[in-house]
There are 2 protein chains.
Amino acid sequence: MAKNKRDIERQVKQEEIEAAATRLFVERGYDATSMAQVAEQAGVAPNTLYWYYKNKDEMLVATLNRLVGKGLSEYAQMADQPLDTQLLWLLGQFEQFSALVTTVHARVEHAATVREWHANFHMMLDQLMIARLQAQGVTAEQAGLLATVTGFVVEGLLSHATPQPQREAIVQWLLRAGVQTA
Amino acid sequence: MAKNKRDIERQVKQEEIEAAATRLFVERGYDATSMAQVAEQAGVAPNTLYWYYKNKDEMLVATLNRLVGKGLSEYAQMADQPLDTQLLWLLGQFEQFSALVTTVHARVEHAATVREWHANFHMMLDQLMIARLQAQGVTAEQAGLLATVTGFVVEGLLSHATPQPQREAIVQWLLRAGVQTA
DNA sequence: ACCTGAACACCGTTCAAGT
DNA sequence: ACCTGAACACCGTTCAAGT
């Protein structure tokens, strides 16, 4: 919604900052990345970051939104694939950000903004999955339960680096058992 | 294995430090607890802690071992309960330390000692669960898969504060589906 | 062997001052 | 409105010095 030159320049600078933050957070982790490092990569003074973000946690949420936005737009191409294929693809996508999964859970307890983002993110994924399951004839209750469990399993697989064949076996068993025992 | 007076006094002091660390880590979290705070509660100078532990991560591992030891000794009383009862009891026990679950995952990436502890902890729980499942006639392969999934679900339930009835429904469905589709 | 005071390099964040 | 230099309070950790 850039209205004038000043607005555009602000967005460009913000883009640079978030690109730097995203790269550093993904590569070396949130804790291991200092505000000074982000500032250096973005070509500004450290305290300048506080003009754009209230604090480090809000900068994290900004990078999360960028990543999710990019992920959702790529997900559009997978819309007609079967559910297990979608889930395994999702795991492959999230793999590179697996460090951020843990980071989010760590910050949820201390930062209200991250807590809110996290709740919304899970609700979104749950809804997505519930819709798919109900289309397969699973009851609303069972679909909700299965969506929650699948979310936990996805997070578990991401944060525990399971070998690919085992990962596939788990996803396929989960969906099969989920529909079968509905 | 205290052999003499000096050894005993060392153990007493270490006990005090670990009691203080455990309390603070559980109450206000690992990140939010400074070495200075632990030292103050234990009645020593901050740098004295480094005589007992190589760094903050090793102090964390020491507190984890204390908590697990206590937990296992209480688990002995539950040995003859059905598996779902045991799991729900375990969740109740871990509830108070749910913050530490996230902390461990966060430190796994950066500290080798925590990484090692985490791997051993999961192996122990997996073995415990696999033995139980095989006794129910589940194949070794299916038992392994189910143990992994259950571990993920337990961690998910702990770090996402699910309401009790939903929690029970999830645990019961998981075990039923796990044995049923074996 | 055990403990400490002082210091080190760093951290996230704030503030007053600039344009 | 946007950016900065300087400072603040704090952090985990180290080191030389004590007993």
# chains A, B, ... in the order shown; residues from 1 in each chain; ligands from 1

call {"tool": "closest_atom_pairs", "arguments": {"of": "chain C", "to": "chain B", "cutoff": "12 Å", "atoms": "only C-alpha atoms (C1' of nucleotides)", "output": "JSON lines"}}
result
{"residue": "C:DA1", "atom": "C1'", "partner": "B:Arg6", "partner_atom": "CA", "distance": 9.2}
{"residue": "C:DC2", "atom": "C1'", "partner": "B:Trp51", "partner_atom": "CA", "distance": 7.8}
{"residue": "C:DC3", "atom": "C1'", "partner": "B:Thr48", "partner_atom": "CA", "distance": 6.1}
{"residue": "C:DT4", "atom": "C1'", "partner": "B:Ala45", "partner_atom": "CA", "distance": 6.7}
{"residue": "C:DG5", "atom": "C1'", "partner": "B:Ala45", "partner_atom": "CA", "distance": 9.5}
{"residue": "C:DA6", "atom": "C1'", "partner": "B:Asn47", "partner_atom": "CA", "distance": 11.2}

call {"tool": "write_last_selection", "arguments": {"atoms": "N, CA, C and O atoms (P, O5', C5', C4', C3', O3' and C1' of nucleotides)", "output": "compact mmCIF listing (two decimals), in the first residue's frame"}}
result
# COMPACT_ATOMS: atom_id res chain seq x y z
P DA C 1 43.42 -30.37 43.55
O5' DA C 1 42.05 -30.34 44.32
C5' DA C 1 41.75 -31.20 45.38
C4' DA C 1 40.81 -30.48 46.30
C3' DA C 1 39.54 -29.98 45.63
O3' DA C 1 38.47 -30.11 46.57
C1' DA C 1 40.72 -28.13 46.51
P DC C 2 36.96 -29.80 46.21
O5' DC C 2 36.87 -28.24 46.49
C5' DC C 2 36.55 -27.80 47.80
C4' DC C 2 36.66 -26.30 47.86
C3' DC C 2 35.54 -25.52 47.15
O3' DC C 2 34.74 -24.92 48.15
C1' DC C 2 37.66 -24.53 46.84
P DC C 3 33.36 -24.25 47.78
O5' DC C 3 33.83 -22.74 47.54
C5' DC C 3 34.26 -21.98 48.67
C4' DC C 3 34.82 -20.67 48.18
C3' DC C 3 33.86 -19.82 47.36
O3' DC C 3 33.33 -18.80 48.21
C1' DC C 3 36.12 -19.72 46.59
P DT C 4 32.34 -17.71 47.61
O5' DT C 4 33.38 -16.60 47.12
C5' DT C 4 34.25 -16.02 48.07
C4' DT C 4 35.14 -15.01 47.37
C3' DT C 4 34.36 -13.97 46.56
O3' DT C 4 34.56 -12.71 47.14
C1' DT C 4 36.20 -14.85 45.32
P DG C 5 33.64 -11.48 46.88
O5' DG C 5 34.65 -10.50 46.10
C5' DG C 5 35.99 -10.34 46.59
C4' DG C 5 36.79 -9.41 45.70
C3' DG C 5 36.02 -8.24 45.11
O3' DG C 5 36.95 -7.14 44.99
C1' DG C 5 36.67 -9.74 43.36
P DA C 6 36.54 -5.78 44.27
O5' DA C 6 37.11 -6.01 42.79
C5' DA C 6 38.42 -6.52 42.61
C4' DA C 6 38.72 -6.68 41.12
C3' DA C 6 38.08 -5.60 40.24
O3' DA C 6 39.05 -5.13 39.33
C1' DA C 6 37.51 -7.75 39.43

call {"tool": "residues_around", "arguments": {"residues": "DA7 (chain C)", "least_positions_apart": "4", "cutoff": "12 Å", "atoms": "only C-alpha atoms (C1' of nucleotides)", "output": "VMD selection string"}}
result
chain D and resid 13 to 16

call {"tool": "select_by_dssp", "arguments": {"residues": "region 7-155 of chain A", "states": "helix (DSSP H, G or I)", "output": "JSON, numbers by chain"}}
result
{"A": [7, 8, 9, 10, 11, 12, 13, 14, 15, 16, 17, 18, 19, 20, 21, 22, 23, 24, 25, 26, 27, 28, 35, 36, 37, 38, 39, 40, 41, 42, 46, 47, 48, 49, 50, 51, 52, 56, 57, 58, 59, 60, 61, 62, 63, 64, 65, 66, 67, 68, 69, 70, 71, 72, 73, 74, 75, 76, 77, 78, 83, 84, 85, 86, 87, 88, 89, 90, 91, 92, 93, 94, 95, 98, 99, 100, 101, 102, 103, 104, 105, 106, 107, 108, 112, 113, 114, 115, 116, 117, 118, 119, 120, 121, 122, 123, 124, 125, 126, 127, 128, 129, 130, 131, 132, 133, 134, 135, 140, 141, 142, 143, 144, 145, 146, 147, 148, 149, 150, 151, 152, 153, 154, 155]}

call {"tool": "closest_atom_pairs", "arguments": {"of": "chain B", "to": "chain A", "cutoff": "8 Å", "atoms": "only C-alpha atoms", "output": "Markdown table"}}
result
| residue | atom | partner | partner_atom | distance |
| --- | --- | --- | --- | --- |
| B:Ala99 | CA | A:Ala106 | CA | 8.0 |
| B:Thr102 | CA | A:Ala106 | CA | 5.8 |
| B:Thr103 | CA | A:Ala106 | CA | 6.6 |
| B:His105 | CA | A:Thr102 | CA | 6.4 |
| B:Ala106 | CA | A:Thr102 | CA | 5.8 |
| B:Leu145 | CA | A:Ile170 | CA | 6.5 |
| B:Val149 | CA | A:Val153 | CA | 6.4 |
| B:Phe152 | CA | A:Gly156 | CA | 4.8 |
| B:Val153 | CA | A:Phe152 | CA | 5.5 |
| B:Glu155 | CA | A:Phe152 | CA | 7.7 |
| B:Gly156 | CA | A:Phe152 | CA | 4.8 |
| B:Leu157 | CA | A:Phe152 | CA | 7.7 |
| B:Ser159 | CA | A:His105 | CA | 7.4 |
| B:Gln166 | CA | A:Leu145 | CA | 7.8 |
| B:Ala169 | CA | A:Leu145 | CA | 7.9 |
| B:Ile170 | CA | A:Leu145 | CA | 6.5 |
| B:Ala177 | CA | A:Ala177 | CA | 6.0 |
| B:Gly178 | CA | A:Ala177 | CA | 7.7 |
| B:Thr181 | CA | A:Ala177 | CA | 6.5 |

call {"tool": "atom_distance", "arguments": {"atom1": "CA of Ser34 (chain A)", "atom2": "CA of Gln11 (chain A)"}}
result
22.3 Å

call {"tool": "closest_residue", "arguments": {"among": "B:Gln37, B:Asn65, B:Gln14, B:Gln172", "to": "Trp117 (chain B)", "atoms": "only C-alpha atoms"}}
result
B:Asn65

call {"tool": "atom_distance", "arguments": {"atom1": "CA of Leu158 (chain A)", "atom2": "CA of Arg115 (chain B)"}}
result
15.3 Å

call {"tool": "atom_distance", "arguments": {"atom1": "CA of Gln77 (chain A)", "atom2": "CA of Ala147 (chain A)"}}
result
21.4 Å

call {"tool": "residues_around", "arguments": {"residues": "Ile17 (chain B)", "least_positions_apart": "6", "cutoff": "9 Å", "atoms": "only C-alpha atoms (C1' of nucleotides)", "output": "PyMOL selection string"}}
result
chain B and resi 38-39+41-44+49

call {"tool": "closest_residue", "arguments": {"among": "A:Arg132, A:Arg23, A:Lys13, A:Lys56", "to": "Ala79 (chain A)", "atoms": "only C-alpha atoms"}}
result
A:Arg132
